[in-house]
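Asker: The file below is run-v7.cif, mmCIF, C-alpha atoms:
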```cif
data_protein
#
loop_
_atom_site.label_atom_id
_atom_site.label_comp_id
_atom_site.auth_asym_id
_atom_site.auth_seq_id
_atom_site.Cartn_x
_atom_site.Cartn_y
_atom_site.Cartn_z
CA MET A 7 23.54 -44.25 -174.44
CA HIS A 8 22.11 -43.24 -171.11
CA PRO A 9 21.71 -39.45 -170.88
CA VAL A 10 23.66 -39.28 -167.60
CA ARG A 11 26.57 -41.14 -169.17
CA LYS A 12 26.38 -38.97 -172.24
CA GLN A 13 26.61 -35.92 -170.03
CA ARG A 14 29.65 -37.32 -168.24
CA LEU A 15 31.26 -38.20 -171.57
CA ILE A 16 30.79 -34.61 -172.78
CA LEU A 17 32.18 -33.32 -169.48
CA VAL A 18 35.31 -35.50 -169.75
CA ILE A 19 35.93 -34.53 -173.38
CA ALA A 20 35.36 -30.84 -172.62
CA GLY A 21 37.77 -31.05 -169.69
CA VAL A 22 40.53 -32.58 -171.81
CA VAL A 23 39.94 -30.12 -174.66
CA PHE A 24 39.99 -27.05 -172.42
CA THR A 25 43.10 -28.07 -170.49
CA SER A 26 44.79 -28.77 -173.83
CA ILE A 27 43.89 -25.30 -175.08
CA ALA A 28 45.09 -23.72 -171.83
CA VAL A 29 48.41 -25.56 -171.87
CA GLY A 30 48.73 -24.90 -175.60
CA LEU A 31 48.33 -21.14 -175.10
CA MET A 32 50.76 -21.19 -172.19
CA THR A 33 53.47 -23.01 -174.11
CA TYR A 34 52.84 -20.76 -177.12
CA ALA A 35 53.34 -17.69 -174.94
CA MET A 36 56.56 -19.14 -173.54
CA ARG A 37 57.84 -20.60 -176.80
CA GLU A 38 61.00 -18.45 -176.83
CA ASN A 39 61.87 -19.53 -173.29
CA ILE A 40 61.30 -23.20 -174.00
CA ASN A 41 63.98 -23.16 -176.69
CA LEU A 42 67.16 -24.61 -175.25
CA PHE A 43 69.46 -22.34 -177.26
CA TYR A 44 69.65 -19.34 -179.56
CA PRO A 45 70.53 -19.93 -183.21
CA PRO A 46 73.71 -18.07 -184.29
CA SER A 47 71.74 -15.54 -186.35
CA LYS A 48 69.90 -14.28 -183.24
CA ILE A 49 73.14 -13.99 -181.28
CA VAL A 50 74.95 -12.15 -184.07
CA SER A 51 72.02 -9.77 -184.64
CA GLY A 52 72.06 -8.85 -180.96
CA GLU A 53 68.70 -10.38 -180.02
CA ALA A 54 70.40 -12.53 -177.41
CA PRO A 55 71.84 -10.71 -174.37
CA HIS A 56 75.58 -10.06 -174.15
CA ASN A 57 77.69 -10.82 -171.05
CA ARG A 58 75.07 -13.15 -169.64
CA ASN A 59 74.98 -16.91 -169.58
CA ILE A 60 73.13 -18.17 -172.64
CA ARG A 61 73.20 -21.22 -174.88
CA GLY A 62 73.84 -21.13 -178.57
CA GLY A 63 73.37 -23.97 -180.99
CA GLY A 64 74.11 -24.64 -184.61
CA CYS A 65 76.30 -26.51 -187.01
CA VAL A 66 80.05 -26.54 -186.62
CA LYS A 67 81.18 -25.03 -189.92
CA PRO A 68 83.37 -27.49 -191.82
CA GLY A 69 86.96 -26.30 -191.92
CA SER A 70 86.50 -23.74 -189.14
CA VAL A 71 87.89 -25.73 -186.18
CA VAL A 72 91.30 -24.43 -185.04
CA ARG A 73 93.07 -26.20 -182.18
CA ALA A 74 95.98 -24.74 -180.22
CA THR A 75 99.12 -26.86 -180.31
CA ASP A 76 100.21 -26.38 -176.68
CA ASN A 77 96.92 -26.35 -174.72
CA LEU A 78 93.27 -27.35 -174.93
CA ASP A 79 92.08 -24.09 -176.47
CA ILE A 80 89.87 -24.47 -179.48
CA LYS A 81 88.15 -22.05 -181.83
CA PHE A 82 85.35 -22.84 -184.25
CA ILE A 83 82.40 -21.26 -186.03
CA LEU A 84 78.78 -22.17 -185.38
CA THR A 85 76.40 -21.46 -188.22
CA ASP A 86 72.70 -21.76 -188.98
CA GLY A 87 73.17 -20.93 -192.63
CA VAL A 88 72.21 -17.28 -191.98
CA ALA A 89 74.97 -16.01 -189.70
CA ASP A 90 78.34 -17.24 -188.38
CA LEU A 91 79.14 -17.15 -184.68
CA PRO A 92 82.79 -17.48 -183.59
CA VAL A 93 83.15 -19.66 -180.47
CA ARG A 94 86.13 -20.04 -178.11
CA PHE A 95 86.43 -22.96 -175.72
CA SER A 96 89.06 -24.50 -173.51
CA GLY A 97 88.55 -28.07 -172.40
CA ILE A 98 87.71 -31.54 -173.53
CA LEU A 99 85.11 -31.88 -176.25
CA PRO A 100 82.56 -34.71 -176.39
CA ASP A 101 83.52 -37.57 -178.70
CA LEU A 102 80.81 -36.78 -181.22
CA PHE A 103 81.86 -33.17 -181.67
CA ALA A 104 82.86 -32.84 -185.33
CA GLU A 105 82.86 -30.46 -188.25
CA GLY A 106 79.55 -30.52 -190.07
CA GLU A 107 77.78 -31.79 -186.94
CA ALA A 108 75.55 -29.84 -184.61
CA ALA A 109 76.72 -28.58 -181.23
CA VAL A 110 75.22 -26.69 -178.32
CA VAL A 111 77.47 -24.26 -176.43
CA ASN A 112 76.90 -22.75 -173.00
CA GLY A 113 78.61 -19.48 -172.09
CA LYS A 114 78.73 -15.70 -172.61
CA VAL A 115 79.00 -13.47 -175.66
CA ASP A 116 81.66 -10.80 -175.12
CA ASP A 117 81.54 -7.27 -176.53
CA LYS A 118 83.46 -8.33 -179.62
CA GLY A 119 80.71 -10.79 -180.44
CA VAL A 120 82.79 -13.86 -179.63
CA PHE A 121 81.05 -16.65 -177.73
CA ASN A 122 83.18 -17.79 -174.78
CA ALA A 123 81.89 -21.28 -174.08
CA GLU A 124 82.17 -22.93 -170.69
CA GLN A 125 80.62 -26.12 -171.97
CA VAL A 126 80.28 -27.70 -175.40
CA LEU A 127 77.71 -30.41 -176.02
CA ALA A 128 77.41 -32.47 -179.18
CA LYS A 129 73.92 -32.60 -180.61
CA HIS A 130 73.46 -35.93 -182.26
CA ASP A 131 71.34 -36.25 -185.39
CA GLU A 132 68.55 -38.78 -185.90
CA ASN A 133 70.43 -40.87 -188.46
CA TYR A 134 71.75 -44.32 -187.72
CA THR A 135 74.01 -45.88 -190.33
CA PRO A 136 76.54 -48.71 -190.30
CA PRO A 137 80.14 -47.58 -191.10
CA GLU A 138 80.20 -49.25 -194.54
CA VAL A 139 77.04 -47.48 -195.66
CA ALA A 140 78.29 -44.18 -194.23
CA SER A 141 81.61 -44.42 -196.06
CA ILE A 142 79.83 -44.93 -199.38
CA LYS A 143 77.62 -41.91 -198.75
CA ASN A 144 80.49 -39.70 -197.60
CA SER A 145 83.09 -40.66 -200.19
CA GLY A 146 84.39 -37.62 -202.02
CA ASP A 147 83.65 -34.16 -200.82
CA HIS A 148 82.50 -32.33 -197.71
CA LYS A 149 79.02 -31.69 -199.08
CA ASN A 150 77.42 -34.55 -197.21
CA ASP A 151 78.59 -33.23 -193.85
CA GLN A 152 76.72 -30.04 -194.57
CA ALA A 153 73.68 -31.99 -195.70
CA VAL A 154 73.45 -33.72 -192.33
CA CYS A 155 73.31 -30.37 -190.63
CA LYS A 156 70.99 -28.83 -193.17
CA GLY A 157 68.29 -31.30 -192.28
CA MET A 158 68.24 -29.96 -188.73
CA ASN A 159 66.01 -27.01 -189.39
CA TYR A 160 67.90 -24.13 -187.76
CA GLY A 161 66.83 -21.33 -190.05
CA ALA A 162 63.78 -19.88 -188.30
CA MET B 4 23.02 -47.95 -179.68
CA ASN B 5 23.47 -51.07 -177.63
CA TRP B 6 26.25 -50.69 -175.11
CA GLN B 7 25.78 -54.02 -173.38
CA TRP B 8 28.99 -55.51 -174.80
CA LEU B 9 30.93 -52.80 -173.01
CA HIS B 10 29.40 -53.73 -169.69
CA ARG B 11 30.17 -57.39 -170.18
CA LEU B 12 33.76 -56.38 -170.93
CA GLY B 13 33.75 -54.45 -167.68
CA SER B 14 33.17 -57.47 -165.48
CA PRO B 15 36.25 -58.19 -163.36
CA ARG B 16 35.38 -61.87 -163.10
CA TRP B 17 34.97 -62.22 -166.85
CA PHE B 18 38.37 -60.55 -167.36
CA TYR B 19 40.07 -62.70 -164.73
CA GLU B 20 38.81 -65.96 -166.16
CA LYS B 21 39.36 -64.97 -169.78
CA THR B 22 42.97 -63.92 -169.28
CA ASN B 23 43.90 -67.19 -167.53
CA ALA B 24 44.42 -68.84 -170.88
CA TRP B 25 46.29 -65.90 -172.43
CA LEU B 26 49.06 -65.65 -169.87
CA PRO B 27 51.32 -68.56 -170.96
CA TRP B 28 51.11 -67.46 -174.60
CA LEU B 29 51.95 -63.87 -173.81
CA MET B 30 54.82 -65.04 -171.62
CA VAL B 31 56.32 -67.20 -174.39
CA CYS B 32 55.87 -64.46 -177.02
CA ALA B 33 57.38 -61.75 -174.82
CA TRP B 34 60.43 -63.78 -173.84
CA GLY B 35 60.92 -65.08 -177.36
CA LEU B 36 60.73 -61.69 -179.04
CA LEU B 37 62.85 -59.91 -176.43
CA LEU B 38 65.52 -62.61 -176.56
CA VAL B 39 65.65 -62.63 -180.35
CA GLY B 40 65.53 -58.82 -180.61
CA GLY B 41 68.03 -58.35 -177.79
CA ILE B 42 70.62 -60.77 -179.13
CA TRP B 43 70.12 -59.50 -182.68
CA GLY B 44 70.32 -55.85 -181.71
CA LEU B 45 73.14 -56.09 -179.20
CA GLY B 46 75.19 -58.79 -180.89
CA PHE B 47 74.56 -58.86 -184.60
CA ALA B 48 73.30 -55.49 -185.81
CA PRO B 49 76.13 -53.39 -187.28
CA GLU B 50 77.65 -50.62 -185.17
CA ASP B 51 76.83 -47.00 -185.93
CA ALA B 52 79.33 -45.04 -188.02
CA LYS B 53 79.54 -42.14 -185.55
CA GLN B 54 78.46 -43.47 -182.17
CA ARG B 55 80.05 -46.91 -182.54
CA ASN B 56 78.56 -49.39 -180.09
CA SER B 57 77.03 -46.91 -177.66
CA TYR B 58 74.00 -46.48 -179.95
CA ARG B 59 72.83 -49.99 -179.02
CA ILE B 60 71.10 -48.67 -175.91
CA LEU B 61 68.51 -47.49 -178.43
CA TYR B 62 67.15 -51.04 -178.50
CA ILE B 63 65.91 -50.55 -174.95
CA HIS B 64 65.46 -46.79 -174.76
CA ALA B 65 63.24 -46.26 -177.81
CA PRO B 66 60.76 -49.17 -177.38
CA VAL B 67 60.33 -48.46 -173.66
CA ALA B 68 59.81 -44.76 -174.41
CA PHE B 69 57.04 -45.57 -176.91
CA ILE B 70 55.32 -47.88 -174.47
CA SER B 71 55.59 -45.46 -171.56
CA MET B 72 53.52 -43.01 -173.59
CA SER B 73 51.03 -45.63 -174.85
CA CYS B 74 50.71 -46.76 -171.24
CA TYR B 75 49.70 -43.23 -170.27
CA TYR B 76 46.91 -43.21 -172.84
CA ILE B 77 45.74 -46.62 -171.63
CA MET B 78 45.69 -45.30 -168.07
CA ALA B 79 43.85 -42.09 -168.99
CA ILE B 80 41.30 -43.74 -171.29
CA SER B 81 40.59 -46.41 -168.66
CA GLY B 82 40.06 -43.61 -166.17
CA ALA B 83 37.68 -41.85 -168.55
CA VAL B 84 35.68 -45.03 -169.20
CA GLY B 85 35.51 -45.61 -165.46
CA LEU B 86 34.27 -42.07 -164.86
CA ILE B 87 31.66 -42.17 -167.59
CA TRP B 88 30.29 -45.71 -167.26
CA LYS B 89 31.02 -46.16 -163.54
CA MET B 90 32.56 -49.56 -164.14
CA LYS B 91 34.92 -51.39 -161.82
CA LEU B 92 37.39 -52.95 -164.23
CA PRO B 93 38.61 -49.77 -166.01
CA PHE B 94 39.55 -48.21 -162.68
CA MET B 95 41.49 -51.35 -161.81
CA VAL B 96 43.35 -51.15 -165.14
CA MET B 97 44.07 -47.48 -164.47
CA LYS B 98 45.49 -48.23 -161.04
CA ALA B 99 47.54 -51.15 -162.38
CA ALA B 100 48.99 -49.07 -165.24
CA ALA B 101 50.42 -46.28 -163.04
CA PRO B 102 53.30 -48.12 -161.32
CA ILE B 103 54.18 -49.88 -164.60
CA GLY B 104 54.33 -46.52 -166.34
CA LEU B 105 56.51 -45.09 -163.60
CA GLY B 106 58.90 -48.03 -163.96
CA LEU B 107 59.05 -47.51 -167.73
CA THR B 108 59.81 -43.80 -167.42
CA ILE B 109 62.61 -44.56 -164.94
CA VAL B 110 64.13 -47.01 -167.43
CA VAL B 111 63.89 -44.41 -170.21
CA LEU B 112 65.42 -41.63 -168.10
CA ALA B 113 68.23 -43.92 -166.91
CA THR B 114 69.13 -45.32 -170.33
CA GLY B 115 68.86 -41.83 -171.84
CA SER B 116 71.30 -40.42 -169.29
CA ILE B 117 73.73 -43.28 -169.78
CA TRP B 118 73.63 -42.63 -173.52
CA GLY B 119 73.70 -38.85 -173.14
CA LYS B 120 76.97 -38.76 -171.21
CA PRO B 121 79.20 -40.22 -173.96
CA THR B 122 77.14 -38.78 -176.84
CA TRP B 123 76.20 -35.24 -175.82
CA GLY B 124 78.72 -34.83 -173.04
CA THR B 125 76.15 -34.41 -170.26
CA TRP B 126 73.90 -36.64 -168.17
CA TRP B 127 71.02 -34.20 -168.15
CA GLU B 128 70.00 -30.99 -169.89
CA TRP B 129 66.78 -29.08 -169.23
CA ASP B 130 65.61 -29.10 -172.82
CA ALA B 131 61.96 -29.41 -173.84
CA ARG B 132 62.04 -33.15 -174.55
CA LEU B 133 63.81 -34.17 -171.36
CA THR B 134 61.79 -31.84 -169.14
CA SER B 135 58.40 -32.80 -170.56
CA TYR B 136 59.36 -36.45 -170.22
CA LEU B 137 60.31 -35.92 -166.59
CA ILE B 138 56.83 -34.44 -166.09
CA LEU B 139 55.37 -37.67 -167.48
CA SER B 140 57.25 -39.52 -164.77
CA PHE B 141 55.80 -37.15 -162.14
CA LEU B 142 52.28 -37.63 -163.54
CA TYR B 143 52.55 -41.37 -163.01
CA LEU B 144 53.86 -40.67 -159.52
CA GLY B 145 50.88 -38.33 -158.95
CA VAL B 146 48.35 -40.99 -159.94
CA ILE B 147 50.01 -43.49 -157.60
CA ALA B 148 50.04 -40.93 -154.79
CA LEU B 149 46.37 -40.00 -155.30
CA GLN B 150 45.40 -43.66 -155.21
CA GLN B 151 47.04 -43.90 -151.78
CA ALA B 152 45.82 -40.54 -150.51
CA PHE B 153 42.13 -41.36 -150.09
CA GLN B 154 40.49 -43.78 -147.69
CA ASN B 155 37.52 -44.05 -149.97
CA ARG B 156 38.12 -46.13 -153.08
CA ASP B 157 35.62 -44.23 -155.29
CA THR B 158 37.12 -40.87 -154.39
CA ALA B 159 40.63 -42.15 -155.06
CA ASP B 160 39.60 -43.54 -158.45
CA LYS B 161 37.81 -40.36 -159.47
CA ALA B 162 40.64 -38.07 -158.40
CA SER B 163 43.35 -40.08 -160.12
CA ALA B 164 41.26 -40.46 -163.28
CA ILE B 165 40.91 -36.68 -163.49
CA LEU B 166 44.66 -36.19 -162.98
CA ALA B 167 45.37 -38.85 -165.62
CA LEU B 168 43.03 -37.13 -168.09
CA VAL B 169 44.47 -33.68 -167.52
CA GLY B 170 47.96 -35.10 -167.98
CA THR B 171 47.19 -36.44 -171.47
CA VAL B 172 47.97 -32.97 -172.82
CA ASN B 173 51.64 -33.72 -172.06
CA ILE B 174 51.91 -36.69 -174.44
CA PRO B 175 51.71 -34.76 -177.74
CA ILE B 176 54.04 -32.16 -176.19
CA ILE B 177 56.65 -34.85 -175.47
CA TYR B 178 56.23 -36.29 -178.94
CA LYS B 179 56.44 -32.98 -180.82
CA SER B 180 58.84 -31.14 -178.48
CA VAL B 181 61.84 -31.93 -180.67
CA ASP B 182 60.11 -30.36 -183.69
CA TRP B 183 58.49 -27.35 -182.02
CA TRP B 184 61.52 -26.09 -180.10
CA TYR B 185 65.30 -26.13 -180.27
CA THR B 186 66.31 -29.08 -178.11
CA LEU B 187 69.42 -31.09 -177.44
CA HIS B 188 67.52 -34.31 -178.08
CA GLN B 189 67.49 -35.27 -181.74
CA PRO B 190 64.23 -35.42 -183.75
CA ALA B 191 62.39 -38.72 -184.21
CA THR B 192 64.18 -41.43 -186.15
CA LEU B 193 61.11 -43.60 -186.72
CA LYS B 194 58.52 -41.51 -188.45
CA ILE B 195 54.81 -42.19 -188.68
CA VAL B 196 54.76 -40.49 -192.07
CA GLY B 197 57.81 -40.59 -194.29
CA LYS B 198 61.01 -42.56 -194.38
CA SER B 199 62.76 -43.59 -191.18
CA THR B 200 66.36 -42.44 -190.93
CA ILE B 201 67.80 -45.69 -189.66
CA ASP B 202 69.50 -48.32 -191.77
CA PRO B 203 67.29 -51.43 -192.35
CA SER B 204 69.95 -53.69 -190.80
CA MET B 205 69.50 -51.78 -187.54
CA LEU B 206 65.75 -51.26 -187.92
CA TYR B 207 64.68 -54.92 -188.03
CA PRO B 208 65.99 -55.85 -184.56
CA LEU B 209 64.54 -52.58 -183.24
CA PHE B 210 61.17 -53.55 -184.67
CA VAL B 211 61.37 -56.96 -182.98
CA MET B 212 62.21 -55.23 -179.69
CA ILE B 213 59.28 -52.81 -180.03
CA VAL B 214 56.80 -55.65 -180.60
CA GLY B 215 58.45 -57.70 -177.84
CA PHE B 216 58.24 -54.88 -175.31
CA TYR B 217 54.59 -54.26 -176.24
CA VAL B 218 53.74 -57.92 -175.61
CA PHE B 219 55.72 -57.82 -172.37
CA PHE B 220 53.87 -54.67 -171.30
CA THR B 221 50.50 -56.28 -172.09
CA LEU B 222 51.48 -59.26 -169.97
CA VAL B 223 52.58 -57.15 -167.01
CA LEU B 224 49.48 -54.96 -167.24
CA ILE B 225 47.20 -58.02 -167.23
CA LEU B 226 49.06 -59.53 -164.26
CA HIS B 227 48.83 -56.29 -162.27
CA THR B 228 45.15 -55.91 -163.14
CA ARG B 229 44.46 -59.49 -162.01
CA THR B 230 46.12 -58.78 -158.67
CA GLU B 231 44.01 -55.66 -158.31
CA ILE B 232 40.85 -57.62 -159.19
CA LEU B 233 41.56 -60.15 -156.45
CA ARG B 234 42.28 -57.37 -153.95
CA ARG B 235 39.15 -55.37 -154.68
CA GLU B 236 36.81 -58.30 -155.16
CA SER B 237 38.14 -60.21 -152.17
CA ARG B 238 34.71 -60.20 -150.54
CA SER B 239 32.91 -61.68 -153.52
CA GLN B 240 32.04 -65.34 -153.58
CA TRP B 241 33.93 -66.26 -156.74
CA VAL B 242 37.23 -64.93 -155.37
CA LYS B 243 36.69 -66.78 -152.08
CA ASP B 244 36.04 -69.97 -154.01
CA LEU B 245 39.10 -69.38 -156.15
CA VAL B 246 41.40 -68.78 -153.21
CA LEU B 247 40.02 -71.62 -151.11
CA GLY B 248 40.51 -74.03 -153.98
CA LYS B 249 36.82 -74.78 -154.37
CA SER B 250 37.30 -73.33 -157.77
CA ASN B 251 35.19 -74.34 -160.67
CA THR B 252 36.56 -71.63 -162.94
CA LYS B 253 37.67 -74.14 -165.53
CA GLY B 254 34.25 -75.75 -165.63
CA GLU B 255 30.98 -74.04 -164.98
CA GLY B 256 32.44 -70.67 -164.08
CA ALA B 257 33.83 -70.01 -167.51
CA GLU B 258 30.44 -70.47 -169.09
CA SER B 259 28.51 -68.17 -166.80
#
```
Turn this file's structure into structure tokens for me.

Answerer:
Amino acid sequence: MHPVRKQRLILVIAGVVFTSIAVGLMTYAMRENINLFYPPSKIVSGEAPHNRNIRGGGCVKPGSVVRATDNLDIKFILTDGVADLPVRFSGILPDLFAEGEAAVVNGKVDDKGVFNAEQVLAKHDENYTPPEVASIKNSGDHKNDQAVCKGMNYGA
Amino acid sequence: MNWQWLHRLGSPRWFYEKTNAWLPWLMVCAWGLLLVGGIWGLGFAPEDAKQRNSYRILYIHAPVAFISMSCYYIMAISGAVGLIWKMKLPFMVMKAAAPIGLGLTIVVLATGSIWGKPTWGTWWEWDARLTSYLILSFLYLGVIALQQAFQNRDTADKASAILALVGTVNIPIIYKSVDWWYTLHQPATLKIVGKSTIDPSMLYPLFVMIVGFYVFFTLVLILHTRTEILRRESRSQWVKDLVLGKSNTKGEGAES
């Protein structure tokens, strides 16, 4: 290889490597801010600010959803397996919102530690299954609903 | 080491004449695979237990997303080869890849939004995956803009190759964003290592679509590169002969 070309090759590789390191350090420094939402454990422990707009995300605890009979109010618990966060919302939920599925909520935590959500988004999982296969897997108990959420890696 | 093969590969004329014969085959393969995969995926694959039929947009969204990122690497590596070996053809490939990549990212963003509304409940969310992917779209736009911004062709090629190379850092970020941070976008379904979390009956048509879109992309990239070759080499004798119909590309030309 011609020495001039070799030099240019080294220059190009060095450029890519150094920009990668720079961007890597930057994103590492901002890692907390890049997260879209706080897990329930961080909100319950007080790490997330109160009375300010934040997002929380976790699994909707099976059996925790309580709907009002005369309006659109709904209460449920978001969990990451470490802590439980009570959420209040009034409005229409996305179709894929369900117990044992993940959800992302946008709103404020009040002084009682209740999350007042202005928006609820359903976080879909990466599994694709035909209905027949799903019904075989889910027949019986609630355990499988939890298992879907468990695979989502919320603990940290 | 002997690098002569690389220089032969870098001849625009050689590329133009060689790809003549490939085009019909690529065309047939691309249409065939996309038709089979499309009809299979949209019409015959079973619906998803939770999302029902809305998941079928996956058959466009996922393959195009893969290719939009491969396309970026093709663009950046072509730019690097052009910078290092000072060859004409790689820069032409780089320039041809940028608008294709931009088109692919627009398709991915559009299909993603259309899927996101019924599934998540929102068209757009500034999470790490969506934002880093939007940056990919802007990087393609930047390369196109830089190509237009300079009067001098060499300067334009150099500048856009450097931008393309710097932008490569974004590709692993897009790919790993769903694992590194909490995002709304779900983690990867098709895994390089480990078992994919999609039922085989849905995976096979997806696989056909991925291969089909790759062939289609190859075809479009070659066509764009050929156009760029003709534009940049318009003063050379072989292009003049070709355009004026005095062509002997099928005969003597192919041997030279």

Asker: Near chain B, meaning an atom within 8 Å, which residues of chain A appear when counting all atoms listed in the file? Write them as a count of residues only.

Answerer: 35

Asker: The PyMOL selection byres ((chain B and resi 215) around 12) - which residues does that actually catch in the file I just gave you? List them as a ChimeraX atom specification.

Answerer: /B:29-41,62-63,66-67,70,208-214,216-222

Asker: Take the PyMOL selection byres ((chain A and resi 62) around 8), run it mentally on this structure, and tell me the resulting residues as number ranges by chain.

Answerer: A: 43-46, 49, 60-61, 63-64, 110-112

Asker: What does the PyMOL selection byres ((chain A and resi 93-96) around 9) select in this file, as an MDAnalysis selection string?

Answerer: chainID A and resid 77:84 91:92 97:99 111 115 120:126

Asker: So what do you get for atom CA of A:Val139 versus atom CA of B:His64, distance-wise?

Answerer: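 Going from atom CA of A:Val139 over to atom CA of B:His64, I get 23.9 Å.
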
Asker: One decimal, in Å: what's the spacing between atom CA of B:Tyr178 and atom CA of B:Thr114?

Answerer: 17.9 Å

Asker: Using the file's own x, y and z axes, what box holds all listed atoms of stretch 16-27 of chain A with 5 Å on each side, keeping edges along x, y and z, and what are its centre and edge lengths in Å to one decimal, as lines of an AutoDock Vina configuration file?

Answerer:
```
center_x = 37.8
center_y = -30.4
center_z = -172.3
size_x = 24.0
size_y = 20.2
size_z = 15.6
```

Asker: For atom CA of A:Ala35 and atom CA of A:Lys48, quote the distance in Å rounded to one decimal.

Answerer: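 Distance reported for this atom pair: 18.8 Å.
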